[in-house]
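Since the structure comes first, as structure tokens, the remarks are kept for the end.
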Amino acid sequence: MPGIYIHIPFCRKACHYCNFHFSTTHSLLPQMVEAIVAEMGIRKGYITGEINTIYFGGGTPSLCTNEQMDMLMAAIKSNFTVSPTAEITLEANPDDIATEKLLHWKARGINRLSIGVQSFREEDLRWMNRAHNASQAWEAIQLAKEYGFHNISIDLIYGTPSLSDEDWQANVKTAIALGIPHLSCYALTVEPKTALDKMIQLKKVPQPEAEKQARHFELLMQWLGEAGYEHYEISNFAKPGWRSKHNSSYWQGVHYMGLGPAAHSFNGTSRQWNIANNALYMQGIATQALAFEKEELTPTQTLNEYIMTSLRTMEGLSFTHITSNWGQLKADTIKASATKYIQQGSALLSGECLQLTKQGKLLADGIASDLFLEEG
């Protein structure tokens with residue numbers, strides 16, 4: 001069953017490391033919500049069938065007022081058939097989480113929160129230029145649980161220059177102690193044209209250390225494994241039964257529609273993405289001449305995408321699936337290319353499934369790209 005992603009491109013502050021599309025000027029938020037509602041009506045035929053997942057991302061969708069969330073939810077229900085058991089996720093920053101909003105979100109059917117904690121340490125949050133502080137992070141989680149949100153995910157960042165192994169362990173232990181069922185953990189990445197990139201160029205802050213990041217990742221796998229979490233995707237860990245249905249659908253090739261500026265969509269044969277410019281996006285909606293780019297995918301491209309996404313998951317790559325969809329020859333070619341990684345201990349062949357070992361997860365993207373097939 002397909003999913004819907006809604007991009008709310010506004011934030012209170014610009015985090016030093018972030019390269020997502022957003023604005024810190026909120027004056028256009030009401031018009032943006034109206035434009036997204038209009039886009040739903042224009043594009044409702046893009047996906048068919050009952051909607052299984054809805055994800056409000058950004059940016060910071062928790063900036064939306066209760067009235068704006070009402071508009072978005074009402075538009076979804078009027079344009080699409082939503083499964084009564086749909087997973088509906090809202091990304092929220094700790095500083096936005098308050099009793100009134102929690103009650104309203106729950107009443108409107110939001111049943112999962114993804115809270116942008118990033119760290120429980122004050123020093124890290126200041127270094128990242130986050131809008132919340134350490135006590136707000138802890139309090140937001142407790143308050144969400146108090147008001148009946150048990151399906152909670154938090155984001156954590158590791159490998160920052162000032163984060164020691166002991167500090168990283170304290171962050172992870174705090175998340176475990178709070179009973180968080182799902183964690184998304186990312187190594188600090190220096191993206192071009194971000195504030196962090198500029199500060200590194202000016203030598204105001206050091207480059208992240210690859211060795212430290214690898215060590216933090218290995219320790220993370222150890223600690224969360226001991227605490228009973230499934231490492232079900234390279235960056236994602238969940239207690240049994242608490243995986244993200246929405247993100248899992250991306251990795252499984254399920255169709256989805258992205259609404260809002262910079263949002264991506266996939267219908268099985270092509271990808272398209274809206275323009276990453278708020279004014280031009282809204283102008284296109286107003287004239288019903290949507291500003292987007294589109295890429296038609298070749299069979300080889302869809303196969304390579306399957307290789308990339310499946311290898312990142314706990315279940316791994318299925319040669320049976322490849323044979324059924326792309327043919328025996330391609331399956332045999334990929335299996336032959338994977339032999340060296342199996343011999344090196346970076347991958348494991350279990351029946352007809354190729355899975356990465358802990359060692360291989362450190363090299364996931366490189367291994368996947370080496371298994372890619374060329375066109376022709």
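Just remember, in the structure tokens the first chain shown is A, the second B, etc., residues are 1-based per chain, and ligands are 1-based in the order shown.
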
Residues of region 165-284 of chain A within 12 Å of region 345-357 of chain A: nearest atom pair and distance (Å, one decimal) for each, counting only C-alpha atoms, sorted by chain and number, as a tab-separated table?
```
residue	atom	partner	partner_atom	distance
A:Glu218	CA	A:Thr357	CA	11.5
A:Met221	CA	A:Thr357	CA	11.3
A:His231	CA	A:Thr357	CA	11.2
A:Tyr232	CA	A:Gln355	CA	11.3
A:Glu233	CA	A:Leu356	CA	10.6
A:Ile234	CA	A:Leu356	CA	9.7
```

Just N, CA and C atoms for this one: save the residues we selected as a PDB file, in the first residue's frame.
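Output file again_33.pdb is given in full below:
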```pdb
ATOM      1  N   GLU A 218      30.335   1.238  15.591  1.00  0.00           N
ATOM      2  CA  GLU A 218      30.532  -0.121  16.106  1.00  0.00           C
ATOM      3  C   GLU A 218      30.044  -0.228  17.551  1.00  0.00           C
ATOM      4  N   MET A 221      26.197  -0.291  17.581  1.00  0.00           N
ATOM      5  CA  MET A 221      25.655  -1.613  17.256  1.00  0.00           C
ATOM      6  C   MET A 221      25.747  -2.550  18.462  1.00  0.00           C
ATOM      7  N   HIS A 231      18.829  -4.138  14.522  1.00  0.00           N
ATOM      8  CA  HIS A 231      19.505  -3.203  13.619  1.00  0.00           C
ATOM      9  C   HIS A 231      18.927  -3.468  12.228  1.00  0.00           C
ATOM     10  N   TYR A 232      17.733  -2.920  11.986  1.00  0.00           N
ATOM     11  CA  TYR A 232      16.986  -3.345  10.803  1.00  0.00           C
ATOM     12  C   TYR A 232      17.347  -2.570   9.542  1.00  0.00           C
ATOM     13  N   GLU A 233      18.072  -1.468   9.689  1.00  0.00           N
ATOM     14  CA  GLU A 233      18.595  -0.710   8.557  1.00  0.00           C
ATOM     15  C   GLU A 233      19.827   0.015   9.060  1.00  0.00           C
ATOM     16  N   ILE A 234      20.764   0.325   8.179  1.00  0.00           N
ATOM     17  CA  ILE A 234      22.068   0.841   8.607  1.00  0.00           C
ATOM     18  C   ILE A 234      21.965   1.909   9.690  1.00  0.00           C
TER      19      ILE A 234
END
```

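Summary of the local environment: counting only C-alpha atoms, residues at most 7 Å from Leu72 (chain A), other than itself and those fewer than 4 positions away along its chain, are A:Val37, A:Gln68, A:Ile76.
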
Same residues, C-alpha atoms, saved as a short mmCIF file (atom, residue, chain, number, x, y, z; two decimals), in the first residue's frame:
```cif
data_model
loop_
_atom_site.label_atom_id
_atom_site.label_comp_id
_atom_site.auth_asym_id
_atom_site.auth_seq_id
_atom_site.Cartn_x
_atom_site.Cartn_y
_atom_site.Cartn_z
CA VAL A 37 -3.50 21.17 0.18
CA GLN A 68 -2.94 24.17 9.83
CA ILE A 76 -5.62 13.96 3.03
#
```

Give me the residues near Gly3 (chain A) as a PyMOL selection string, where near means some atom within 8 Å (using only C-alpha atoms) and where sequence neighbours in that chain fewer than 2 positions away do not count. chain A and resi 1+5+51-55+246+249+254-257

Selection: 12 Å around Ala289 (chain A), only C-alpha atoms, excl. self and same-chain fewer than 5 positions, as a list of chain:residue names: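 Residues near the query, excluding close chain neighbours: A:Ala38, A:Glu39, A:Ile42, A:Arg43, A:Asn274, A:Ile275, A:Leu280, A:Tyr281, A:Met282, A:Gln283, A:Gly284.
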
I need the residues of region 29-73 of chain A that end up classed as strand (DSSP E or B) by DSSP on the backbone, written out as a list in words.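 Going through region 29-73 of chain A, the strand (DSSP E or B) residues come out as Ile51, Asn52, Thr53, Ile54, Tyr55, Phe56, Gly57 and Gly58 of chain A.
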
Kindly export the residues of the current selection with C-alpha atoms, as a PDB file, in the first residue's frame.
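Once everything was written out, this is result00.pdb:
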```pdb
ATOM      1  CA  ILE A  51      -2.787   4.853   2.075  1.00  0.00           C
ATOM      2  CA  ASN A  52      -0.790   2.877   4.623  1.00  0.00           C
ATOM      3  CA  THR A  53       1.650   5.522   5.889  1.00  0.00           C
ATOM      4  CA  ILE A  54       1.672   9.315   6.182  1.00  0.00           C
ATOM      5  CA  TYR A  55       4.794  11.194   7.186  1.00  0.00           C
ATOM      6  CA  PHE A  56       5.006  14.895   8.045  1.00  0.00           C
ATOM      7  CA  GLY A  57       8.667  15.857   7.629  1.00  0.00           C
ATOM      8  CA  GLY A  58      10.747  18.927   7.009  1.00  0.00           C
TER       9      GLY A  58
END
```

Shell of 6 Å around Val117 (chain A), only C-alpha atoms, local chain residues under 2 positions omitted, as a list of chain:residue names: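 Once the adjacent positions are removed, what remains is A:Ile115, A:Ser119, A:Ala137, A:Ile154, A:Asp155.
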
Kindly export the residues of the current selection with C-alpha atoms, as a PDB file, in the first residue's frame.
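And here's part.pdb as it stands now:
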```
ATOM      1  CA  ILE A 115      11.618  13.748  17.840  1.00  0.00           C
ATOM      2  CA  SER A 119      21.906  14.772  21.686  1.00  0.00           C
ATOM      3  CA  ALA A 137      14.816  16.969  25.018  1.00  0.00           C
ATOM      4  CA  ILE A 154      14.437   9.958  18.212  1.00  0.00           C
ATOM      5  CA  ASP A 155      17.391  11.085  16.106  1.00  0.00           C
TER       6      ASP A 155
END
```

If DSSP is run on the backbone, what residues of region 139-333 of chain A are alpha helix (DSSP H)? A reply as a ChimeraX atom specification would be ideal. /A:139-146,165-177,195-201,210-226,245-251,278-286,299-311,319-326,328-333

Save out the residues we just selected, C-alpha atoms, as a PDB file, in the first residue's frame.
```pdb
ATOM      1  CA  GLU A 139      11.059  16.553  29.114  1.00  0.00           C
ATOM      2  CA  ALA A 140       9.531  16.364  25.621  1.00  0.00           C
ATOM      3  CA  ILE A 141       9.886  12.596  25.528  1.00  0.00           C
ATOM      4  CA  GLN A 142       8.397  12.175  28.989  1.00  0.00           C
ATOM      5  CA  LEU A 143       5.484  14.472  28.146  1.00  0.00           C
ATOM      6  CA  ALA A 144       4.768  12.672  24.874  1.00  0.00           C
ATOM      7  CA  LYS A 145       4.659   9.339  26.678  1.00  0.00           C
ATOM      8  CA  GLU A 146       2.422  10.808  29.379  1.00  0.00           C
ATOM      9  CA  ASP A 165      33.197   7.607  23.436  1.00  0.00           C
ATOM     10  CA  GLU A 166      31.956   8.076  27.008  1.00  0.00           C
ATOM     11  CA  ASP A 167      29.706  10.977  26.004  1.00  0.00           C
ATOM     12  CA  TRP A 168      28.288   8.943  23.128  1.00  0.00           C
ATOM     13  CA  GLN A 169      27.578   6.039  25.465  1.00  0.00           C
ATOM     14  CA  ALA A 170      25.793   8.403  27.864  1.00  0.00           C
ATOM     15  CA  ASN A 171      23.542   9.607  25.023  1.00  0.00           C
ATOM     16  CA  VAL A 172      22.667   6.066  23.978  1.00  0.00           C
ATOM     17  CA  LYS A 173      22.122   4.944  27.578  1.00  0.00           C
ATOM     18  CA  THR A 174      19.734   7.861  28.144  1.00  0.00           C
ATOM     19  CA  ALA A 175      17.673   6.846  25.113  1.00  0.00           C
ATOM     20  CA  ILE A 176      17.534   3.239  26.326  1.00  0.00           C
ATOM     21  CA  ALA A 177      16.610   4.295  29.867  1.00  0.00           C
ATOM     22  CA  ALA A 195      27.490  26.607   8.068  1.00  0.00           C
ATOM     23  CA  LEU A 196      29.534  23.629   9.267  1.00  0.00           C
ATOM     24  CA  ASP A 197      31.293  23.370   5.919  1.00  0.00           C
ATOM     25  CA  LYS A 198      32.207  27.060   6.067  1.00  0.00           C
ATOM     26  CA  MET A 199      33.433  26.830   9.667  1.00  0.00           C
ATOM     27  CA  ILE A 200      35.690  23.907   8.744  1.00  0.00           C
ATOM     28  CA  GLN A 201      37.079  25.808   5.758  1.00  0.00           C
ATOM     29  CA  ALA A 210      36.422   8.986  10.139  1.00  0.00           C
ATOM     30  CA  GLU A 211      38.076   6.622  12.613  1.00  0.00           C
ATOM     31  CA  LYS A 212      36.051   8.018  15.512  1.00  0.00           C
ATOM     32  CA  GLN A 213      32.823   7.827  13.531  1.00  0.00           C
ATOM     33  CA  ALA A 214      33.465   4.188  12.649  1.00  0.00           C
ATOM     34  CA  ARG A 215      34.213   3.419  16.296  1.00  0.00           C
ATOM     35  CA  HIS A 216      31.042   5.183  17.478  1.00  0.00           C
ATOM     36  CA  PHE A 217      29.015   3.174  14.953  1.00  0.00           C
ATOM     37  CA  GLU A 218      30.532  -0.121  16.106  1.00  0.00           C
ATOM     38  CA  LEU A 219      29.879   0.775  19.749  1.00  0.00           C
ATOM     39  CA  LEU A 220      26.317   1.772  18.863  1.00  0.00           C
ATOM     40  CA  MET A 221      25.655  -1.613  17.256  1.00  0.00           C
ATOM     41  CA  GLN A 222      27.040  -3.333  20.352  1.00  0.00           C
ATOM     42  CA  TRP A 223      25.102  -1.293  22.937  1.00  0.00           C
ATOM     43  CA  LEU A 224      21.758  -1.392  21.168  1.00  0.00           C
ATOM     44  CA  GLY A 225      22.141  -5.068  20.323  1.00  0.00           C
ATOM     45  CA  GLU A 226      22.698  -5.819  24.005  1.00  0.00           C
ATOM     46  CA  LYS A 245       6.574   1.412   8.433  1.00  0.00           C
ATOM     47  CA  HIS A 246       6.980   4.545   6.318  1.00  0.00           C
ATOM     48  CA  ASN A 247      10.742   4.390   5.963  1.00  0.00           C
ATOM     49  CA  SER A 248      10.624   0.618   5.505  1.00  0.00           C
ATOM     50  CA  SER A 249       8.338   1.149   2.520  1.00  0.00           C
ATOM     51  CA  TYR A 250      11.021   3.307   0.872  1.00  0.00           C
ATOM     52  CA  TRP A 251      13.540   0.498   1.211  1.00  0.00           C
ATOM     53  CA  ASN A 278       9.190  28.024  -1.747  1.00  0.00           C
ATOM     54  CA  ALA A 279       8.075  30.960  -3.895  1.00  0.00           C
ATOM     55  CA  LEU A 280       8.367  29.109  -7.202  1.00  0.00           C
ATOM     56  CA  TYR A 281       6.652  26.048  -5.750  1.00  0.00           C
ATOM     57  CA  MET A 282       3.655  28.107  -4.615  1.00  0.00           C
ATOM     58  CA  GLN A 283       3.588  30.004  -7.894  1.00  0.00           C
ATOM     59  CA  GLY A 284       3.422  26.710  -9.800  1.00  0.00           C
ATOM     60  CA  ILE A 285       0.580  25.455  -7.615  1.00  0.00           C
ATOM     61  CA  ALA A 286      -1.354  28.704  -8.112  1.00  0.00           C
ATOM     62  CA  PRO A 299      15.402  -1.626 -15.499  1.00  0.00           C
ATOM     63  CA  THR A 300      19.099  -1.443 -14.621  1.00  0.00           C
ATOM     64  CA  GLN A 301      18.570   1.664 -12.515  1.00  0.00           C
ATOM     65  CA  THR A 302      15.708   0.049 -10.600  1.00  0.00           C
ATOM     66  CA  LEU A 303      17.883  -3.017 -10.008  1.00  0.00           C
ATOM     67  CA  ASN A 304      20.776  -0.905  -8.731  1.00  0.00           C
ATOM     68  CA  GLU A 305      18.407   0.961  -6.422  1.00  0.00           C
ATOM     69  CA  TYR A 306      17.206  -2.383  -5.096  1.00  0.00           C
ATOM     70  CA  ILE A 307      20.812  -3.424  -4.445  1.00  0.00           C
ATOM     71  CA  MET A 308      21.533  -0.188  -2.575  1.00  0.00           C
ATOM     72  CA  THR A 309      18.418  -0.188  -0.393  1.00  0.00           C
ATOM     73  CA  SER A 310      18.157  -3.919   0.309  1.00  0.00           C
ATOM     74  CA  LEU A 311      21.772  -4.274   1.410  1.00  0.00           C
ATOM     75  CA  PHE A 319      18.711 -13.246  -5.266  1.00  0.00           C
ATOM     76  CA  THR A 320      15.323 -14.917  -5.694  1.00  0.00           C
ATOM     77  CA  HIS A 321      13.734 -11.465  -5.963  1.00  0.00           C
ATOM     78  CA  ILE A 322      16.366 -10.351  -8.477  1.00  0.00           C
ATOM     79  CA  THR A 323      15.830 -13.474 -10.588  1.00  0.00           C
ATOM     80  CA  SER A 324      12.050 -12.959 -10.602  1.00  0.00           C
ATOM     81  CA  ASN A 325      12.253  -9.286 -11.579  1.00  0.00           C
ATOM     82  CA  TRP A 326      15.436  -8.945 -13.638  1.00  0.00           C
ATOM     83  CA  GLN A 328      18.806 -15.272 -13.655  1.00  0.00           C
ATOM     84  CA  LEU A 329      21.811 -13.865 -15.522  1.00  0.00           C
ATOM     85  CA  LYS A 330      21.789 -10.628 -13.547  1.00  0.00           C
ATOM     86  CA  ALA A 331      21.355 -12.502 -10.278  1.00  0.00           C
ATOM     87  CA  ASP A 332      24.334 -14.731 -11.101  1.00  0.00           C
ATOM     88  CA  THR A 333      26.468 -11.722 -12.085  1.00  0.00           C
TER      89      THR A 333
END
```

CA of Cys64 (chain A) to CA of Phe237 (chain A), straight-line distance in Å: 28.2 Å

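Minimum atom-to-atom distances from A:His26, A:Lys294, A:Arg271, A:His182 to Phe10 (chain A) were compared using only C-alpha atoms, and the lowest value belongs to A:His26.
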
Between CA of Ile157 (chain A) and CA of Tyr229 (chain A), distance in Å (one decimal):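 Result for CA of Ile157 (chain A) versus CA of Tyr229 (chain A): 17.7 Å, one decimal.
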